[in-house]
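J.: The structure file protein21.csv (CSV, C-alpha atoms) is provided below.
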```csv
chain,number,residue,atom,x,y,z
A,134,MET,CA,7.5,37.1,-60.9
A,135,ASN,CA,4.5,34.9,-61.8
A,136,GLU,CA,1.1,35.8,-60.5
A,137,ILE,CA,0.8,32.8,-58.1
A,138,LYS,CA,4.1,33.7,-56.4
A,139,GLN,CA,3.1,37.3,-56.2
A,140,ASP,CA,-0.2,36.3,-54.5
A,141,ALA,CA,1.8,34.2,-52.0
A,142,ASP,CA,4.2,37.0,-51.3
A,143,ILE,CA,1.4,39.5,-50.7
A,144,ILE,CA,-0.4,37.2,-48.3
A,145,LEU,CA,2.8,36.4,-46.4
A,146,ASN,CA,3.6,40.0,-46.1
A,147,ASP,CA,0.4,40.5,-44.2
A,148,TYR,CA,0.8,37.2,-42.3
A,149,TYR,CA,4.3,38.2,-40.9
A,150,SER,CA,3.2,41.8,-40.1
A,151,ASP,CA,2.4,43.0,-36.6
A,152,ASN,CA,-1.2,43.8,-37.5
A,153,LEU,CA,-3.2,41.0,-35.9
A,154,SER,CA,-6.3,41.4,-38.0
A,155,LYS,CA,-4.2,41.3,-41.2
A,156,ARG,CA,-2.4,38.2,-39.9
A,157,ASP,CA,-5.7,36.4,-39.2
A,158,GLU,CA,-7.0,37.3,-42.6
A,159,ALA,CA,-3.8,36.1,-44.3
A,160,PHE,CA,-4.0,32.8,-42.3
A,161,ASN,CA,-7.5,32.2,-43.4
A,162,GLN,CA,-6.6,32.9,-47.1
A,163,ILE,CA,-3.7,30.4,-46.8
A,164,LYS,CA,-6.1,27.9,-45.3
A,165,SER,CA,-8.7,28.2,-48.1
A,166,ASN,CA,-6.3,28.0,-51.0
A,167,GLN,CA,-5.8,24.4,-52.2
A,168,SER,CA,-3.6,25.1,-55.2
A,169,THR,CA,-0.5,23.0,-55.0
A,170,GLU,CA,1.6,25.5,-57.0
A,171,PHE,CA,0.4,28.3,-54.6
A,172,ILE,CA,1.2,26.1,-51.5
A,173,ASN,CA,4.7,25.2,-52.8
A,174,ASN,CA,5.5,28.8,-53.5
A,175,LEU,CA,4.2,29.8,-50.1
A,176,LEU,CA,6.2,27.1,-48.2
A,177,SER,CA,9.4,28.1,-50.0
A,178,GLU,CA,9.0,31.6,-48.7
A,179,VAL,CA,7.9,30.4,-45.2
A,180,SER,CA,11.2,28.4,-45.1
A,181,LYS,CA,13.1,31.6,-45.4
A,182,HIS,CA,11.2,33.1,-42.5
A,183,PHE,CA,11.7,29.9,-40.5
A,184,ILE,CA,15.5,30.4,-40.5
A,185,SER,CA,15.1,34.0,-39.3
A,186,LYS,CA,16.7,35.0,-36.0
A,187,VAL,CA,13.4,36.7,-35.2
A,188,LEU,CA,11.6,34.3,-32.9
A,189,LYS,CA,8.1,35.6,-33.9
A,190,ASP,CA,8.8,34.8,-37.5
A,191,ARG,CA,9.9,31.3,-36.7
A,192,ASN,CA,6.9,30.6,-34.5
A,193,LEU,CA,4.5,31.9,-37.2
A,194,SER,CA,6.3,29.7,-39.8
A,195,ILE,CA,5.8,26.7,-37.5
A,196,ASP,CA,2.0,27.3,-37.6
A,197,ILE,CA,2.0,27.3,-41.4
A,198,PHE,CA,4.0,24.1,-41.6
A,199,ILE,CA,1.5,22.5,-39.3
A,200,LEU,CA,-1.5,23.9,-41.2
A,201,LEU,CA,-0.1,22.7,-44.5
A,202,GLN,CA,1.4,19.4,-43.1
A,203,ASN,CA,0.4,17.4,-46.2
A,204,HIS,CA,2.9,19.5,-48.2
A,205,SER,CA,5.5,20.5,-45.6
A,206,ARG,CA,7.7,17.4,-45.4
A,207,PRO,CA,10.2,18.2,-48.2
A,208,PHE,CA,10.7,21.7,-46.9
A,209,LEU,CA,11.4,20.5,-43.4
A,210,GLU,CA,13.7,17.8,-44.6
A,211,ALA,CA,15.7,20.6,-46.3
A,212,LEU,CA,15.7,22.6,-43.1
A,213,ILE,CA,17.2,19.9,-41.0
A,214,LYS,CA,20.4,20.3,-43.1
A,215,ASN,CA,20.6,24.0,-42.4
A,216,GLU,CA,23.9,25.3,-40.9
A,217,ASP,CA,22.0,26.9,-38.0
A,218,LYS,CA,21.8,24.4,-35.2
A,219,ASP,CA,18.6,25.9,-33.8
A,220,VAL,CA,16.9,25.6,-37.2
A,221,ARG,CA,17.9,22.0,-37.4
A,222,LYS,CA,16.6,21.3,-33.9
A,223,VAL,CA,13.2,22.8,-34.4
A,224,ALA,CA,12.9,21.2,-37.8
A,225,VAL,CA,13.6,17.8,-36.3
A,226,GLU,CA,11.0,18.4,-33.6
A,227,LEU,CA,8.4,19.4,-36.2
A,228,ILE,CA,9.1,16.3,-38.3
A,229,THR,CA,8.5,14.3,-35.1
A,230,THR,CA,5.3,16.2,-34.2
A,231,LEU,CA,3.9,15.7,-37.7
A,232,ASN,CA,5.0,12.0,-37.6
A,233,TYR,CA,6.8,12.0,-40.9
A,234,THR,CA,8.1,8.4,-40.9
A,235,GLU,CA,9.2,8.9,-44.5
A,236,SER,CA,11.8,11.4,-43.2
A,237,LEU,CA,13.6,8.8,-41.1
A,238,PRO,CA,16.7,8.5,-43.4
A,239,HIS,CA,17.3,12.2,-42.9
A,240,ILE,CA,16.8,11.9,-39.1
A,241,ILE,CA,19.3,9.0,-39.0
A,242,ASP,CA,21.9,11.3,-40.7
A,243,LEU,CA,21.6,13.7,-37.7
A,244,LEU,CA,22.7,11.0,-35.3
A,245,GLU,CA,26.2,12.3,-36.0
A,246,ASP,CA,25.3,15.9,-35.4
A,247,LYS,CA,27.9,17.8,-33.4
A,248,ASP,CA,25.4,19.9,-31.5
A,249,GLU,CA,24.1,18.2,-28.3
A,250,ASN,CA,20.6,19.9,-28.5
A,251,VAL,CA,20.1,18.7,-32.1
A,252,LEU,CA,21.3,15.2,-31.1
A,253,TYR,CA,18.9,15.1,-28.1
A,254,SER,CA,15.9,16.0,-30.4
A,255,THR,CA,17.1,13.5,-33.0
A,256,ILE,CA,17.2,10.6,-30.4
A,257,GLU,CA,13.7,11.5,-29.3
A,258,ALA,CA,12.6,11.5,-33.0
A,259,MET,CA,14.1,8.1,-33.4
A,260,GLY,CA,11.9,6.8,-30.6
A,261,LYS,CA,8.8,8.1,-32.4
A,262,LEU,CA,9.6,7.4,-36.0
A,263,ALA,CA,12.1,4.4,-36.1
A,264,THR,CA,11.1,0.8,-36.5
A,265,TYR,CA,12.5,-2.5,-35.2
A,266,SER,CA,15.1,-2.6,-38.0
A,267,GLU,CA,16.7,0.7,-36.9
A,268,VAL,CA,16.7,0.2,-33.1
A,269,TYR,CA,20.3,-1.2,-33.3
A,270,LEU,CA,21.5,2.4,-34.1
A,271,LEU,CA,20.5,3.5,-30.7
A,272,PHE,CA,22.2,0.4,-29.1
A,273,GLU,CA,25.4,1.7,-30.7
A,274,LEU,CA,24.8,5.2,-29.4
A,275,TYR,CA,24.3,4.2,-25.8
A,276,ASN,CA,28.0,3.9,-24.8
A,277,LYS,CA,29.1,6.7,-27.1
A,278,TYR,CA,27.0,9.4,-25.4
A,279,PRO,CA,26.9,8.8,-21.6
A,280,GLN,CA,25.1,12.1,-21.1
A,281,PHE,CA,22.1,10.9,-23.2
A,282,GLN,CA,21.8,7.4,-21.9
A,283,ASN,CA,18.4,7.9,-20.2
A,284,ILE,CA,16.9,9.4,-23.3
A,285,ILE,CA,18.4,6.7,-25.5
A,286,VAL,CA,16.9,4.0,-23.3
A,287,GLY,CA,13.6,5.7,-23.5
A,288,ALA,CA,13.7,5.9,-27.3
A,289,ILE,CA,14.7,2.2,-27.5
A,290,SER,CA,11.7,1.3,-25.3
A,291,GLU,CA,9.4,3.3,-27.6
A,292,ILE,CA,10.6,1.4,-30.6
A,293,GLY,CA,10.7,-2.1,-29.0
A,294,GLY,CA,11.6,-5.1,-31.1
A,295,GLU,CA,13.9,-8.1,-30.7
A,296,ASN,CA,16.7,-7.8,-28.1
A,297,THR,CA,15.4,-4.6,-26.6
A,298,GLU,CA,14.3,-6.2,-23.4
A,299,ASP,CA,17.7,-8.0,-23.0
A,300,PHE,CA,19.6,-4.9,-23.8
A,301,ILE,CA,17.8,-2.7,-21.3
A,302,PHE,CA,17.7,-5.4,-18.6
A,303,GLU,CA,21.5,-5.9,-18.8
A,304,ILE,CA,22.0,-2.2,-18.1
A,305,PHE,CA,19.4,-2.2,-15.3
A,306,LEU,CA,21.2,-5.0,-13.5
A,307,LYS,CA,24.4,-2.8,-13.4
A,308,THR,CA,22.8,0.5,-12.6
A,309,GLU,CA,22.9,2.0,-9.1
A,310,ASP,CA,21.9,5.7,-9.8
A,311,VAL,CA,18.3,6.2,-8.7
A,312,PHE,CA,17.4,8.6,-11.6
A,313,SER,CA,18.9,6.3,-14.2
A,314,LYS,CA,17.2,3.3,-12.6
A,315,MET,CA,13.8,5.1,-12.8
A,316,SER,CA,14.2,5.5,-16.6
A,317,LEU,CA,15.3,1.8,-16.9
A,318,ILE,CA,12.3,0.5,-14.9
A,319,GLN,CA,9.9,2.6,-17.0
A,320,ALA,CA,11.6,1.3,-20.2
A,321,LEU,CA,11.4,-2.3,-19.1
A,322,ALA,CA,7.7,-1.8,-18.1
A,323,LYS,CA,7.1,-0.9,-21.8
A,324,VAL,CA,9.0,-3.8,-23.4
A,325,GLY,CA,9.3,-6.4,-20.7
A,326,GLU,CA,7.6,-9.7,-21.4
A,327,SER,CA,9.6,-12.3,-19.5
A,328,GLU,CA,9.4,-13.9,-16.0
A,329,GLN,CA,13.0,-13.0,-15.5
A,330,VAL,CA,12.2,-9.2,-15.6
A,331,LEU,CA,8.9,-9.6,-13.8
A,332,PHE,CA,10.2,-11.5,-10.8
A,333,LYS,CA,13.3,-9.3,-10.6
A,334,PHE,CA,11.0,-6.3,-10.2
A,335,VAL,CA,9.0,-8.2,-7.5
A,336,GLU,CA,12.3,-8.9,-5.7
A,337,GLU,CA,13.7,-5.3,-6.1
A,338,ILE,CA,10.6,-3.4,-5.0
A,339,GLN,CA,10.9,-4.8,-1.5
A,340,VAL,CA,14.2,-3.1,-0.9
A,341,ALA,CA,13.9,-0.2,-3.3
A,342,GLU,CA,14.0,3.5,-2.4
A,343,GLU,CA,10.6,5.0,-1.6
A,344,GLU,CA,10.4,7.0,-4.9
A,345,LEU,CA,11.1,3.9,-7.0
A,346,ARG,CA,8.4,1.7,-5.5
A,347,PRO,CA,5.3,3.1,-7.4
A,348,ILE,CA,7.3,2.9,-10.6
A,349,TYR,CA,8.2,-0.8,-9.9
A,350,LEU,CA,4.6,-1.5,-9.0
A,351,LYS,CA,3.4,-0.1,-12.3
A,352,GLY,CA,6.1,-2.1,-14.1
A,353,ILE,CA,5.0,-5.3,-12.4
A,354,TYR,CA,1.4,-4.7,-13.4
A,355,GLN,CA,2.2,-3.9,-17.1
A,356,ILE,CA,4.5,-6.8,-17.6
A,357,ALA,CA,2.2,-9.3,-15.8
A,358,ASN,CA,-0.7,-8.0,-17.9
A,359,ARG,CA,1.3,-8.2,-21.1
A,360,MET,CA,2.2,-11.8,-20.3
A,361,ASN,CA,-1.4,-12.6,-19.2
A,362,LEU,CA,0.2,-13.9,-16.0
A,363,ASP,CA,-1.7,-14.1,-12.7
A,364,PHE,CA,0.6,-14.6,-9.8
A,365,GLU,CA,0.0,-14.7,-6.0
A,366,LEU,CA,0.8,-11.5,-4.1
A,367,THR,CA,3.4,-11.9,-1.3
A,368,ASP,CA,2.7,-10.1,2.0
A,369,GLU,CA,5.5,-7.7,1.2
A,370,LEU,CA,4.1,-6.8,-2.2
A,371,ARG,CA,0.6,-6.5,-0.7
A,372,SER,CA,2.0,-4.0,1.9
A,373,ILE,CA,3.5,-1.9,-0.9
A,374,ILE,CA,0.2,-1.9,-2.8
A,375,TYR,CA,-1.6,-0.7,0.4
A,376,GLN,CA,0.8,2.3,0.5
A,377,SER,CA,-0.2,3.1,-3.1
A,378,LEU,CA,-3.9,3.0,-2.2
A,379,LEU,CA,-3.2,5.7,0.4
A,380,GLN,CA,-1.7,8.0,-2.2
A,381,ASN,CA,-3.4,10.7,-4.3
A,382,ASP,CA,-2.0,9.7,-7.6
A,383,GLU,CA,-4.8,8.3,-9.9
A,384,GLU,CA,-2.3,6.4,-12.1
A,385,TYR,CA,-0.8,4.4,-9.3
A,386,LEU,CA,-4.1,3.9,-7.5
A,387,LEU,CA,-5.5,2.2,-10.6
A,388,VAL,CA,-2.3,0.1,-10.9
A,389,ALA,CA,-2.7,-1.0,-7.2
A,390,LEU,CA,-6.4,-1.8,-7.8
A,391,ASN,CA,-5.6,-3.9,-10.9
A,392,LEU,CA,-3.0,-5.9,-9.0
A,393,LEU,CA,-5.3,-6.5,-6.0
A,394,CYS,CA,-8.5,-7.1,-7.9
A,395,LYS,CA,-8.3,-10.9,-8.3
A,396,HIS,CA,-6.7,-11.4,-4.9
A,397,ILE,CA,-8.7,-9.3,-2.5
A,398,ILE,CA,-8.7,-10.5,1.1
A,399,LEU,CA,-10.5,-9.1,4.2
A,400,ASP,CA,-7.5,-7.1,5.3
A,401,ASP,CA,-7.5,-5.2,2.0
A,402,VAL,CA,-11.0,-3.7,2.3
A,403,SER,CA,-10.3,-0.8,4.6
A,404,TYR,CA,-7.8,0.6,2.1
A,405,PHE,CA,-10.5,1.0,-0.5
A,406,GLN,CA,-12.1,3.8,1.5
A,407,ASN,CA,-9.4,6.3,0.4
A,408,LYS,CA,-11.5,9.4,-0.2
A,409,PHE,CA,-9.6,10.3,-3.3
A,410,LEU,CA,-10.1,6.8,-4.7
A,411,ILE,CA,-13.9,6.8,-4.3
A,412,LYS,CA,-14.3,10.3,-5.9
A,413,ASN,CA,-12.7,9.1,-9.2
A,414,ASP,CA,-15.2,7.5,-11.7
A,415,GLU,CA,-12.6,5.3,-13.4
A,416,LEU,CA,-11.4,4.0,-10.1
A,417,ARG,CA,-14.9,3.5,-8.8
A,418,ASN,CA,-15.7,1.6,-12.0
A,419,LYS,CA,-12.7,-0.6,-11.3
A,420,LEU,CA,-14.0,-1.2,-7.8
A,421,ILE,CA,-17.3,-2.5,-9.2
A,422,VAL,CA,-15.3,-4.9,-11.4
A,423,CYS,CA,-13.3,-6.0,-8.4
A,424,LEU,CA,-16.4,-6.5,-6.3
A,425,CYS,CA,-18.0,-8.7,-8.9
A,426,GLU,CA,-14.9,-10.9,-9.3
A,427,ILE,CA,-14.7,-11.8,-5.6
A,428,GLU,CA,-15.4,-15.4,-4.8
A,429,ASP,CA,-15.1,-15.2,-1.1
A,430,LYS,CA,-18.5,-14.3,0.4
A,431,ASP,CA,-17.1,-12.6,3.6
A,432,VAL,CA,-14.8,-10.4,1.5
A,433,TYR,CA,-17.6,-9.6,-0.9
A,434,LEU,CA,-20.0,-8.5,1.9
A,435,LYS,CA,-17.3,-6.4,3.6
A,436,LEU,CA,-16.3,-4.6,0.4
A,437,PHE,CA,-20.0,-4.1,-0.6
A,438,ASP,CA,-20.6,-2.3,2.7
A,439,ALA,CA,-17.4,-0.3,2.3
A,440,ILE,CA,-18.1,1.2,-1.1
A,441,ILE,CA,-21.9,1.2,-1.6
A,442,ASP,CA,-22.5,4.8,-0.3
A,443,ASN,CA,-20.1,6.2,-2.9
A,444,ILE,CA,-20.9,3.9,-5.9
A,445,ILE,CA,-24.5,5.2,-6.1
A,446,GLU,CA,-23.3,8.6,-7.4
A,447,LEU,CA,-21.5,6.9,-10.3
A,448,TYR,CA,-22.8,7.6,-13.8
A,449,THR,CA,-22.7,3.9,-14.5
A,450,PHE,CA,-24.9,3.1,-11.5
A,451,GLU,CA,-27.3,1.0,-13.7
A,452,TYR,CA,-24.3,-1.2,-14.7
A,453,PHE,CA,-23.3,-1.5,-11.0
A,454,ILE,CA,-26.8,-2.6,-10.0
A,455,LEU,CA,-26.9,-5.3,-12.8
A,456,GLU,CA,-23.4,-6.5,-11.8
A,457,ILE,CA,-24.4,-6.7,-8.1
A,458,LEU,CA,-27.6,-8.5,-9.0
A,459,THR,CA,-25.6,-11.1,-11.0
A,460,LYS,CA,-23.5,-11.7,-7.9
A,461,ILE,CA,-26.5,-11.9,-5.7
A,462,LYS,CA,-28.1,-14.4,-8.1
A,463,MET,CA,-25.1,-16.6,-7.7
A,464,PHE,CA,-25.9,-16.9,-4.0
A,465,GLU,CA,-29.4,-18.0,-5.0
A,466,ILE,CA,-28.2,-20.5,-7.5
A,467,ASN,CA,-25.9,-22.0,-4.9
A,468,ASP,CA,-28.9,-22.3,-2.6
A,469,ASP,CA,-27.4,-19.8,-0.2
A,470,ILE,CA,-30.9,-18.4,0.3
A,471,ILE,CA,-30.1,-16.5,3.6
A,472,LEU,CA,-27.2,-14.7,2.0
A,473,PHE,CA,-29.3,-14.1,-1.1
A,474,ASN,CA,-32.2,-12.5,0.9
A,475,ASN,CA,-29.9,-10.5,3.1
A,476,ASN,CA,-28.0,-9.0,0.1
A,477,LEU,CA,-31.2,-8.2,-1.8
A,478,GLU,CA,-32.8,-6.7,1.3
A,479,ASN,CA,-29.7,-4.6,2.1
A,480,LEU,CA,-29.6,-3.3,-1.5
A,481,ILE,CA,-33.3,-2.4,-1.5
A,482,ARG,CA,-33.1,-0.7,1.9
A,483,PHE,CA,-30.1,1.3,0.7
A,484,LEU,CA,-32.0,2.4,-2.5
A,485,LYS,CA,-35.2,3.3,-0.6
A,486,SER,CA,-33.3,5.5,1.8
A,487,ASN,CA,-31.6,7.4,-1.0
A,488,ASN,CA,-33.5,10.3,-2.6
A,489,LYS,CA,-31.8,10.1,-5.9
A,490,ILE,CA,-33.1,9.5,-9.4
A,491,ASP,CA,-30.7,6.6,-9.8
A,492,SER,CA,-32.2,5.0,-6.7
A,493,GLU,CA,-35.6,4.6,-8.5
A,494,LEU,CA,-33.8,3.3,-11.6
A,495,GLY,CA,-32.0,0.7,-9.4
A,496,LEU,CA,-35.3,-0.4,-7.8
A,497,ASN,CA,-36.9,-0.8,-11.2
A,498,ILE,CA,-34.0,-3.0,-12.4
A,499,ILE,CA,-34.3,-5.2,-9.3
A,500,LYS,CA,-38.1,-5.6,-9.7
A,501,LYS,CA,-37.5,-6.9,-13.2
A,502,GLU,CA,-35.0,-9.5,-12.0
A,503,PHE,CA,-36.6,-10.5,-8.7
A,504,GLU,CA,-40.2,-9.4,-8.9
A,505,PRO,CA,-41.8,-11.6,-6.1
A,506,GLN,CA,-39.0,-11.1,-3.6
A,507,THR,CA,-38.7,-7.4,-4.2
A,508,LYS,CA,-42.4,-6.8,-3.7
A,509,GLU,CA,-42.3,-8.7,-0.4
A,510,LEU,CA,-39.3,-6.8,0.8
A,511,LEU,CA,-40.7,-3.4,-0.2
A,512,GLY,CA,-43.9,-4.3,1.7
A,513,LYS,CA,-41.8,-5.3,4.8
A,514,ILE,CA,-39.9,-2.0,4.7
A,515,SER,CA,-43.1,0.0,4.2
A,516,LYS,CA,-44.7,-1.6,7.3
A,517,GLU,CA,-41.7,-0.8,9.4
A,518,LYS,CA,-42.0,2.9,8.5
A,519,ASN,CA,-45.7,2.9,9.4
```
Produce structure tokens that represent the structure in this file.
T.:
Amino acid sequence: MNEIKQDADIILNDYYSDNLSKRDEAFNQIKSNQSTEFINNLLSEVSKHFISKVLKDRNLSIDIFILLQNHSRPFLEALIKNEDKDVRKVAVELITTLNYTESLPHIIDLLEDKDENVLYSTIEAMGKLATYSEVYLLFELYNKYPQFQNIIVGAISEIGGENTEDFIFEIFLKTEDVFSKMSLIQALAKVGESEQVLFKFVEEIQVAEEELRPIYLKGIYQIANRMNLDFELTDELRSIIYQSLLQNDEEYLLVALNLLCKHIILDDVSYFQNKFLIKNDELRNKLIVCLCEIEDKDVYLKLFDAIIDNIIELYTFEYFILEILTKIKMFEINDDIILFNNNLENLIRFLKSNNKIDSELGLNIIKKEFEPQTKELLGKISKEKN
């Protein structure tokens, strides 16, 4: 036995022991040793522990493969050919986790595996590691394994590429099962880029089961955004968006905001007062963007009044003030002096009545932009107090 192999064996003996302090020390020794010969000897032994029926040994081996991931690939590729189905499954999952795209030919070989758990993990691995040129292999599997159709569709949508939208859309049109339809909608949301799919979603959402509506809504937004397509909201779609704005799901709230943002009307404003929505910084930032994109003055003023109390607590308050001032300035440029003065006065009054550091910051920003008007309005407010 050569000296390097002997060193590896001694360290691993401590690493796989039940003594936690010895195990930690051994792990640190492995971590600090950069010798390729030492690492290869060590991983060869780790592979033997990996196939052990002792769960502790397998889990400890996984940690070493991850630690030494720059050297682990050939050892894991050997392990996915092991006769033990559990070893194959975990090895495939590790190859996926470590993103070994070079291992794809070995993964493809497992698409014929007889064990369903191994096959399931292999299909998931294809979704993460395969490229457009291999996606056809999953097309072929779809009818062969009915029990895996949802995971196959998911993997296809992860890969994308030519014909994936058509393949998934054709299945979608024939599917009635709600759970399967959910997977298909999510898949099309990832790969869809045609008006055919988009407007089918807009049609279907109006008659869809309650649990499918938020998923359709997200799909509509993702596809329209990918196509850079701005389309008018129907009353039915707007009503469904309102329902999403009343939910407590951040993801769907953001989708609803994004869909409404360029099409806000007076009736929409009351839905922006959802307490959950205004407590979330990302959503409040989006509200600021929406506010500053509004062209209709009545809608702008109503939304401004609805959200101002909550926006001041936002960490991007300085950004908010600048955006609002830009909007107010537009009223001045358009000679809408009454609206300009009213907005400026409302903003100053709001800041003056708020005892927060950000309020002073906001006033300083306003002074820089509109020095004469601000001075006059501050004087007016001061006289009222006296």
J.: Using all atoms listed in the file, which protein or nucleic acid residues come within 9 Å of stretch 230-236 of chain A? Drop anything in the same chain fewer than 5 positions from it, and give the result as a ChimeraX atom specification.
T.: /A:199,202,206-207,210,225,241,258,261-263
J.: How far is it from atom CA of A:Phe364 to atom CA of A:Met315, in Å with one decimal?
T.: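 Between these atoms lies a distance of 23.9 Å.
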J.: Give as a PDB file with C-alpha atoms, keeping the file's coordinate frame the set of residues within 12 Å of the point (-10.1, -0.4, 6.0), where distances use the file's coordinates and all atoms listed in the file.
T.:
```pdb
ATOM      1  CA  TYR A 375      -1.600  -0.700   0.400  1.00  0.00           C
ATOM      2  CA  LEU A 378      -3.900   3.000  -2.200  1.00  0.00           C
ATOM      3  CA  LEU A 379      -3.200   5.700   0.400  1.00  0.00           C
ATOM      4  CA  ILE A 398      -8.700 -10.500   1.100  1.00  0.00           C
ATOM      5  CA  LEU A 399     -10.500  -9.100   4.200  1.00  0.00           C
ATOM      6  CA  ASP A 400      -7.500  -7.100   5.300  1.00  0.00           C
ATOM      7  CA  ASP A 401      -7.500  -5.200   2.000  1.00  0.00           C
ATOM      8  CA  VAL A 402     -11.000  -3.700   2.300  1.00  0.00           C
ATOM      9  CA  SER A 403     -10.300  -0.800   4.600  1.00  0.00           C
ATOM     10  CA  TYR A 404      -7.800   0.600   2.100  1.00  0.00           C
ATOM     11  CA  PHE A 405     -10.500   1.000  -0.500  1.00  0.00           C
ATOM     12  CA  GLN A 406     -12.100   3.800   1.500  1.00  0.00           C
ATOM     13  CA  ASN A 407      -9.400   6.300   0.400  1.00  0.00           C
ATOM     14  CA  LYS A 408     -11.500   9.400  -0.200  1.00  0.00           C
ATOM     15  CA  VAL A 432     -14.800 -10.400   1.500  1.00  0.00           C
ATOM     16  CA  LYS A 435     -17.300  -6.400   3.600  1.00  0.00           C
ATOM     17  CA  LEU A 436     -16.300  -4.600   0.400  1.00  0.00           C
ATOM     18  CA  ASP A 438     -20.600  -2.300   2.700  1.00  0.00           C
ATOM     19  CA  ALA A 439     -17.400  -0.300   2.300  1.00  0.00           C
ATOM     20  CA  ILE A 440     -18.100   1.200  -1.100  1.00  0.00           C
TER      21      ILE A 440
END
```
J.: Near A:Ile184, within 12 Å and counting all atoms listed in the file, which residues show up once chain neighbours fewer than 4 positions away are dropped, as a list in words?
T.: Ser177, Glu178, Val179, Ser180, Leu188, Lys189, Asp190, Arg191, Asn192, Leu193, Ser194, Ile195, Phe208, Leu209, Ala211, Leu212, Ile213, Lys214, Asn215, Glu216, Asp217, Lys218, Asp219, Val220, Arg221, Lys222, Val223 and Ala224 of chain A
J.: Using C-alpha atoms, can you export the residues from the last selection as an mmCIF file, keeping the file's coordinate frame?
T.:
```cif
data_model
loop_
_atom_site.group_PDB
_atom_site.id
_atom_site.type_symbol
_atom_site.label_atom_id
_atom_site.label_comp_id
_atom_site.auth_asym_id
_atom_site.auth_seq_id
_atom_site.Cartn_x
_atom_site.Cartn_y
_atom_site.Cartn_z
ATOM 1 C CA SER A 177 9.400 28.100 -50.000
ATOM 2 C CA GLU A 178 9.000 31.600 -48.700
ATOM 3 C CA VAL A 179 7.900 30.400 -45.200
ATOM 4 C CA SER A 180 11.200 28.400 -45.100
ATOM 5 C CA LEU A 188 11.600 34.300 -32.900
ATOM 6 C CA LYS A 189 8.100 35.600 -33.900
ATOM 7 C CA ASP A 190 8.800 34.800 -37.500
ATOM 8 C CA ARG A 191 9.900 31.300 -36.700
ATOM 9 C CA ASN A 192 6.900 30.600 -34.500
ATOM 10 C CA LEU A 193 4.500 31.900 -37.200
ATOM 11 C CA SER A 194 6.300 29.700 -39.800
ATOM 12 C CA ILE A 195 5.800 26.700 -37.500
ATOM 13 C CA PHE A 208 10.700 21.700 -46.900
ATOM 14 C CA LEU A 209 11.400 20.500 -43.400
ATOM 15 C CA ALA A 211 15.700 20.600 -46.300
ATOM 16 C CA LEU A 212 15.700 22.600 -43.100
ATOM 17 C CA ILE A 213 17.200 19.900 -41.000
ATOM 18 C CA LYS A 214 20.400 20.300 -43.100
ATOM 19 C CA ASN A 215 20.600 24.000 -42.400
ATOM 20 C CA GLU A 216 23.900 25.300 -40.900
ATOM 21 C CA ASP A 217 22.000 26.900 -38.000
ATOM 22 C CA LYS A 218 21.800 24.400 -35.200
ATOM 23 C CA ASP A 219 18.600 25.900 -33.800
ATOM 24 C CA VAL A 220 16.900 25.600 -37.200
ATOM 25 C CA ARG A 221 17.900 22.000 -37.400
ATOM 26 C CA LYS A 222 16.600 21.300 -33.900
ATOM 27 C CA VAL A 223 13.200 22.800 -34.400
ATOM 28 C CA ALA A 224 12.900 21.200 -37.800
#
```
J.: To one decimal place in Å, what is the distance between atom CA of A:Ile172 and atom CA of A:Ser185?
T.: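 Taking atom CA of A:Ile172 and atom CA of A:Ser185, their separation equals 20.1 Å.
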J.: Could you tell me how far atom CA of A:Leu227 sits from atom CA of A:Glu245, in Å to one decimal place?
T.: 19.2 Å
J.: Pick from A:Leu370, A:Ile301, A:Val311, A:Leu345: nearest to A:Val330, with only C-alpha atoms counted?
T.: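 For A:Val330, the nearest of the candidates is A:Ile301.
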J.: Which residues, written as a ChimeraX atom specification, have at least one atom at most 12 Å from stretch 265-278 of chain A, with all atoms listed in the file counted and residues fewer than 4 positions away on the same chain left out?
T.: /A:237-238,240-245,247,249,252-253,255-261,282-301,304
